[in-house]
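Peer 1: One structure coming up, written as structure tokens, with questions to follow.
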Amino acid sequence: MSNCQTDQIGNEQEEKPIKKEKSKRPVDSDFKQQKLKPLNIPISHKAILSSFFVFGIILIGAGVILKISSGRIKEIKLSYTNCFNYTEDQNAKPTKCADLVTSRYYIPNSCRCQYFFTIEKPLKGKVFIYYKLTNFYHNHRAFKSSIAANQFLGDLENVSEGECKNFHLHPVTNVTIVPCGAIANSFFNDSMKLSYVGANNDLIEVPMLKTGIALNYEKETKFFNPTGLKEALRSYSKPLTWQRNLMELDQQNEDNNGFQNEDFIVWMRGEALKKFRKLYRKVDHGSGNFLFENGLPNGTYVAEISYNYPVVSFSGTKTFIITTSSILGGKNNSIGYMYIVVGSSVFIIGIYMLITFLRNEGNGKID
């Protein structure tokens, strides 16, 4: 090979760019090289003890405020578990509605209870009516799992028997039940009519709202009525314990029917404890009747309750509650007591730590 060829090859090699290998070494900064100074907060004995006392006082104060706020809320409780059937026939033998509803020949809404009560001081502000059940395990695993969520979204056909278990098919006709499941089958179906006794003993019915009792996000995201639900329900069966089908729950308001019936939505929401209350109605303060514009006036009232829901078989009780609310919510003494107990515990622990600190400091064990 000549010298010219050798020089030409050497020049070509020199012209080729040299690829630099990327370094995996982090950038030389304090953050990436972990050279930042550590945050060292000096915590003294006084700071620790002070935090216990401060938090204890705050929790106790919050508990006292919650308890006072809850105590100012007025409640009228109508416990009607063992009430007797109301009849104008004075010679008729009084019969417990709880005994009548267990009969296979019982006609729905045929047993009615009447309660007269007096409100000494007006119930000012918004008035709510709740129903309360006890010894009802709404959170039982088998009970909560017996549900078909697809039906609530409008898909009536895509339901497996395992979702609703024993409440999927009608035992006689073998037709699919809508809505199926144990929760839907046990839908609360008692009703109450509240009236104010006027000056001439005439009854003035208290206007109540059936809508606005369910949470908006539940109604907008969890429950939908498919197109043509009324016609589609003809091919399905209503739950065994229901008096009406799904599209007849509210006969005054067609929009409050189907899966978007607010009484149904409220009932389908699970409860954590065996004793719970659910919102039944709101008093309509904008109905135009001046008597109830600012709440419920003092005076005599009569509550007429249609007894349909059996609870005696599982040793339960049921109550209608007429109540108001405050800025902090409804009546709930347990939250206030919980804050006071936790705050007192924190404060007592702080006292114990203070005594221990002073004792050890006196013995020279603490620098």
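Within each chain, counting starts at residue 1; across the structure tokens, chains are named A, B, ... in the order shown, with ligands numbered 1 upward in that order.
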Among region 163-354 of chain A, which ones does DSSP assign to alpha helix (DSSP H) (computed from the backbone)? Answer as a short mmCIF file (atom, residue, chain, number, x, y, z; two decimals) with N, CA, C and O atoms, in the first residue's frame.
Peer 2:
```
data_model
loop_
_atom_site.label_atom_id
_atom_site.label_comp_id
_atom_site.auth_asym_id
_atom_site.auth_seq_id
_atom_site.Cartn_x
_atom_site.Cartn_y
_atom_site.Cartn_z
N GLU A 163 -76.21 -12.59 42.02
CA GLU A 163 -76.22 -11.24 42.58
C GLU A 163 -77.36 -11.06 43.58
O GLU A 163 -77.18 -10.45 44.63
N CYS A 164 -78.52 -11.56 43.23
CA CYS A 164 -79.70 -11.37 44.08
C CYS A 164 -80.07 -12.62 44.87
O CYS A 164 -80.98 -12.58 45.70
N ALA A 182 -82.21 -8.59 48.37
CA ALA A 182 -82.79 -8.54 49.72
C ALA A 182 -83.03 -7.11 50.18
O ALA A 182 -84.01 -6.83 50.87
N ILE A 183 -82.15 -6.18 49.81
CA ILE A 183 -82.33 -4.79 50.25
C ILE A 183 -83.59 -4.20 49.63
O ILE A 183 -84.41 -3.58 50.31
N ALA A 184 -83.74 -4.38 48.32
CA ALA A 184 -84.93 -3.85 47.65
C ALA A 184 -86.20 -4.53 48.15
O ALA A 184 -87.24 -3.89 48.30
N ASN A 185 -86.12 -5.83 48.44
CA ASN A 185 -87.30 -6.56 48.90
C ASN A 185 -87.78 -6.07 50.27
O ASN A 185 -88.96 -6.14 50.58
N ASN A 216 -77.89 14.30 45.84
CA ASN A 216 -77.88 14.56 44.40
C ASN A 216 -76.93 13.65 43.65
O ASN A 216 -77.24 13.17 42.55
N TYR A 217 -75.74 13.40 44.22
CA TYR A 217 -74.76 12.60 43.49
C TYR A 217 -75.23 11.16 43.32
O TYR A 217 -74.90 10.50 42.33
N GLU A 218 -76.02 10.66 44.29
CA GLU A 218 -76.55 9.31 44.15
C GLU A 218 -77.60 9.26 43.04
O GLU A 218 -77.60 8.33 42.21
N LYS A 219 -78.45 10.25 43.01
CA LYS A 219 -79.52 10.26 42.01
C LYS A 219 -78.97 10.48 40.61
O LYS A 219 -79.51 9.97 39.62
N GLU A 220 -77.85 11.21 40.50
CA GLU A 220 -77.30 11.54 39.18
C GLU A 220 -76.32 10.50 38.66
O GLU A 220 -76.06 10.45 37.46
N THR A 221 -75.74 9.68 39.55
CA THR A 221 -74.69 8.77 39.11
C THR A 221 -74.99 7.29 39.33
O THR A 221 -74.41 6.44 38.67
N LEU A 229 -89.35 2.40 30.58
CA LEU A 229 -89.31 1.53 31.76
C LEU A 229 -90.70 1.02 32.12
O LEU A 229 -90.86 -0.14 32.52
N LYS A 230 -91.71 1.87 31.97
CA LYS A 230 -93.07 1.47 32.35
C LYS A 230 -93.55 0.27 31.52
O LYS A 230 -94.14 -0.67 32.07
N GLU A 231 -93.27 0.30 30.21
CA GLU A 231 -93.66 -0.83 29.37
C GLU A 231 -92.78 -2.04 29.63
O GLU A 231 -93.25 -3.19 29.60
N ALA A 232 -91.50 -1.80 29.90
CA ALA A 232 -90.57 -2.92 30.13
C ALA A 232 -90.91 -3.68 31.40
O ALA A 232 -90.70 -4.90 31.47
N GLU A 262 -87.02 8.81 45.20
CA GLU A 262 -86.08 9.21 46.24
C GLU A 262 -86.24 8.41 47.53
O GLU A 262 -85.27 8.20 48.26
N ASP A 263 -87.44 7.95 47.83
CA ASP A 263 -87.60 7.05 48.98
C ASP A 263 -86.79 5.77 48.76
O ASP A 263 -86.16 5.25 49.69
N PHE A 264 -86.81 5.26 47.55
CA PHE A 264 -86.07 4.04 47.20
C PHE A 264 -84.57 4.28 47.27
O PHE A 264 -83.82 3.44 47.80
N ILE A 265 -84.11 5.42 46.77
CA ILE A 265 -82.67 5.74 46.80
C ILE A 265 -82.18 5.85 48.23
O ILE A 265 -81.11 5.35 48.58
N VAL A 266 -82.96 6.51 49.09
CA VAL A 266 -82.58 6.66 50.49
C VAL A 266 -82.48 5.30 51.17
O VAL A 266 -81.55 5.02 51.94
N TRP A 267 -83.44 4.40 50.88
CA TRP A 267 -83.43 3.09 51.51
C TRP A 267 -82.24 2.25 51.05
O TRP A 267 -81.66 1.49 51.83
N MET A 268 -81.85 2.37 49.80
CA MET A 268 -80.77 1.53 49.25
C MET A 268 -79.40 1.93 49.77
O MET A 268 -78.45 1.19 49.61
N ASN A 333 -75.78 13.47 69.70
CA ASN A 333 -75.02 13.67 70.92
C ASN A 333 -73.74 12.85 70.94
O ASN A 333 -72.78 13.21 71.63
N SER A 334 -73.71 11.74 70.22
CA SER A 334 -72.56 10.83 70.31
C SER A 334 -71.28 11.48 69.79
O SER A 334 -70.19 11.23 70.33
N ILE A 335 -71.37 12.33 68.77
CA ILE A 335 -70.17 12.98 68.24
C ILE A 335 -69.57 13.92 69.29
O ILE A 335 -68.36 13.96 69.49
N GLY A 336 -70.44 14.71 69.95
CA GLY A 336 -69.94 15.59 71.00
C GLY A 336 -69.30 14.83 72.13
O GLY A 336 -68.21 15.20 72.62
N TYR A 337 -69.92 13.73 72.58
CA TYR A 337 -69.33 12.91 73.64
C TYR A 337 -68.00 12.32 73.20
O TYR A 337 -67.05 12.22 73.99
N MET A 338 -67.90 11.92 71.94
CA MET A 338 -66.66 11.33 71.44
C MET A 338 -65.52 12.35 71.50
O MET A 338 -64.40 12.03 71.93
N TYR A 339 -65.79 13.58 71.07
CA TYR A 339 -64.77 14.62 71.14
C TYR A 339 -64.34 14.88 72.58
O TYR A 339 -63.15 15.05 72.88
N ILE A 340 -65.30 14.93 73.49
CA ILE A 340 -64.98 15.20 74.90
C ILE A 340 -64.15 14.06 75.49
O ILE A 340 -63.16 14.30 76.22
N VAL A 341 -64.51 12.82 75.18
CA VAL A 341 -63.76 11.67 75.72
C VAL A 341 -62.34 11.65 75.18
O VAL A 341 -61.36 11.46 75.93
N VAL A 342 -62.18 11.84 73.86
CA VAL A 342 -60.83 11.83 73.27
C VAL A 342 -60.01 13.00 73.80
O VAL A 342 -58.83 12.84 74.16
N GLY A 343 -60.60 14.20 73.87
CA GLY A 343 -59.88 15.35 74.39
C GLY A 343 -59.47 15.17 75.85
O GLY A 343 -58.36 15.53 76.23
N SER A 344 -60.37 14.60 76.66
CA SER A 344 -60.03 14.35 78.07
C SER A 344 -58.89 13.34 78.19
O SER A 344 -58.00 13.49 79.03
N SER A 345 -58.93 12.32 77.33
CA SER A 345 -57.86 11.31 77.36
C SER A 345 -56.51 11.93 77.01
O SER A 345 -55.49 11.66 77.68
N VAL A 346 -56.49 12.79 75.99
CA VAL A 346 -55.25 13.46 75.60
C VAL A 346 -54.77 14.37 76.72
O VAL A 346 -53.56 14.42 77.03
N PHE A 347 -55.69 15.07 77.36
CA PHE A 347 -55.31 15.98 78.45
C PHE A 347 -54.76 15.20 79.64
O PHE A 347 -53.76 15.61 80.26
N ILE A 348 -55.37 14.07 79.98
CA ILE A 348 -54.90 13.25 81.10
C ILE A 348 -53.52 12.68 80.80
O ILE A 348 -52.63 12.62 81.68
N ILE A 349 -53.30 12.25 79.55
CA ILE A 349 -51.97 11.75 79.17
C ILE A 349 -50.94 12.86 79.31
O ILE A 349 -49.81 12.63 79.77
N GLY A 350 -51.31 14.09 78.94
CA GLY A 350 -50.41 15.21 79.10
C GLY A 350 -50.05 15.45 80.56
O GLY A 350 -48.89 15.74 80.89
N ILE A 351 -51.04 15.34 81.47
CA ILE A 351 -50.77 15.51 82.91
C ILE A 351 -49.82 14.41 83.41
O ILE A 351 -48.88 14.67 84.17
N TYR A 352 -50.07 13.18 82.97
CA TYR A 352 -49.20 12.06 83.38
C TYR A 352 -47.77 12.30 82.89
O TYR A 352 -46.80 12.07 83.64
N MET A 353 -47.60 12.76 81.67
CA MET A 353 -46.27 13.02 81.13
C MET A 353 -45.60 14.17 81.88
O MET A 353 -44.38 14.15 82.10
N LEU A 354 -46.39 15.18 82.25
CA LEU A 354 -45.83 16.31 83.00
C LEU A 354 -45.33 15.85 84.37
O LEU A 354 -44.23 16.24 84.81
#
```
Peer 1: Give me the residues near region 69-74 of chain A as a list in words, where near means some atom within 7 Å (using only C-alpha atoms) and where sequence neighbours in that chain fewer than 4 positions away do not count.
Peer 2: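 Surrounding residues, per the criterion: Ile65, Thr323, Thr324, Ser325, Ser326, Lys331, Asn332 and Asn333 of chain A.
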Peer 1: Using only C-alpha atoms, I'd like a table of the residues in region 199-224 of chain A that come within 12 Å of region 299-304 of chain A; for each, show the closest atom pair and its distance in Å rounded to one decimal, ordered by chain and ascending number, as a Markdown table.
Peer 2:
```
| residue | atom | partner | partner_atom | distance |
| --- | --- | --- | --- | --- |
| A:Ala199 | CA | A:Gly299 | CA | 9.7 |
| A:Asn200 | CA | A:Thr300 | CA | 12.0 |
| A:Asn201 | CA | A:Thr300 | CA | 9.6 |
| A:Asp202 | CA | A:Tyr301 | CA | 10.9 |
| A:Leu203 | CA | A:Val302 | CA | 8.4 |
| A:Ile204 | CA | A:Tyr301 | CA | 9.2 |
| A:Glu205 | CA | A:Val302 | CA | 9.4 |
| A:Val206 | CA | A:Tyr301 | CA | 9.5 |
```
Peer 1: Hey, can you spit out that residue selection with all heavy atoms as a compact mmCIF listing (two decimals), in the first residue's frame?
Peer 2:
```
# COMPACT_ATOMS: atom_id res chain seq x y z
N ALA A 199 -108.37 26.00 65.33
CA ALA A 199 -109.17 26.55 66.41
C ALA A 199 -110.52 25.88 66.52
O ALA A 199 -111.07 25.70 67.62
CB ALA A 199 -109.34 28.05 66.21
N ASN A 200 -111.09 25.48 65.41
CA ASN A 200 -112.41 24.83 65.41
C ASN A 200 -112.29 23.31 65.30
O ASN A 200 -113.22 22.65 64.81
CB ASN A 200 -113.25 25.38 64.25
CG ASN A 200 -113.49 26.87 64.37
OD1 ASN A 200 -113.70 27.38 65.48
ND2 ASN A 200 -113.45 27.57 63.26
N ASN A 201 -111.13 22.80 65.74
CA ASN A 201 -110.85 21.35 65.67
C ASN A 201 -110.84 20.81 64.23
O ASN A 201 -110.99 19.61 64.02
CB ASN A 201 -111.88 20.55 66.50
CG ASN A 201 -111.70 20.76 67.99
OD1 ASN A 201 -110.58 21.02 68.46
ND2 ASN A 201 -112.78 20.67 68.75
N ASP A 202 -110.68 21.74 63.29
CA ASP A 202 -110.51 21.28 61.91
C ASP A 202 -109.05 20.92 61.67
O ASP A 202 -108.14 21.53 62.22
CB ASP A 202 -110.96 22.37 60.92
CG ASP A 202 -110.28 23.69 61.20
OD1 ASP A 202 -109.93 23.94 62.37
OD2 ASP A 202 -110.07 24.48 60.26
N LEU A 203 -108.82 19.90 60.85
CA LEU A 203 -107.47 19.41 60.61
C LEU A 203 -106.87 20.09 59.39
O LEU A 203 -107.45 20.07 58.29
CB LEU A 203 -107.50 17.89 60.41
CG LEU A 203 -107.98 17.06 61.61
CD1 LEU A 203 -107.94 15.58 61.29
CD2 LEU A 203 -107.15 17.36 62.85
N ILE A 204 -105.68 20.69 59.58
CA ILE A 204 -104.95 21.34 58.49
C ILE A 204 -103.72 20.49 58.20
O ILE A 204 -102.82 20.38 59.04
CB ILE A 204 -104.54 22.77 58.88
CG1 ILE A 204 -105.78 23.59 59.28
CG2 ILE A 204 -103.80 23.44 57.72
CD1 ILE A 204 -105.44 24.95 59.86
N GLU A 205 -103.70 19.87 57.04
CA GLU A 205 -102.59 18.96 56.72
C GLU A 205 -101.28 19.73 56.53
O GLU A 205 -101.25 20.77 55.86
CB GLU A 205 -102.91 18.16 55.46
CG GLU A 205 -101.84 17.12 55.12
CD GLU A 205 -102.22 16.24 53.94
OE1 GLU A 205 -103.37 16.37 53.46
OE2 GLU A 205 -101.38 15.45 53.50
N VAL A 206 -100.22 19.22 57.16
CA VAL A 206 -98.90 19.82 57.01
C VAL A 206 -98.32 19.41 55.66
O VAL A 206 -98.17 18.21 55.40
CB VAL A 206 -97.97 19.38 58.16
CG1 VAL A 206 -96.57 19.98 57.97
CG2 VAL A 206 -98.54 19.79 59.51
```
Peer 1: Can you pull out every residue from region 100-288 of chain A that DSSP, working from the backbone, puts in strand (DSSP E or B), and format the result as a VMD selection string?
Peer 2: chain A and resid 112 to 119 123 to 124 128 to 134 169 176 to 177 191 to 197 203 to 205 208 to 209 237 276 to 283
Peer 1: Could you name the residues that touch Phe320 (chain A) at 9 Å or less, counting only C-alpha atoms, but leaving out those on the same chain fewer than 6 positions away, as a PyMOL selection string?
Peer 2: chain A and resi 76-80+129-132+192+280
Peer 1: From the options A:Ile107, A:Ile213, A:Ile147, A:Val178, which residue's atoms come nearest to Gly270 (chain A), counting only C-alpha atoms?
Peer 2: A:Ile147
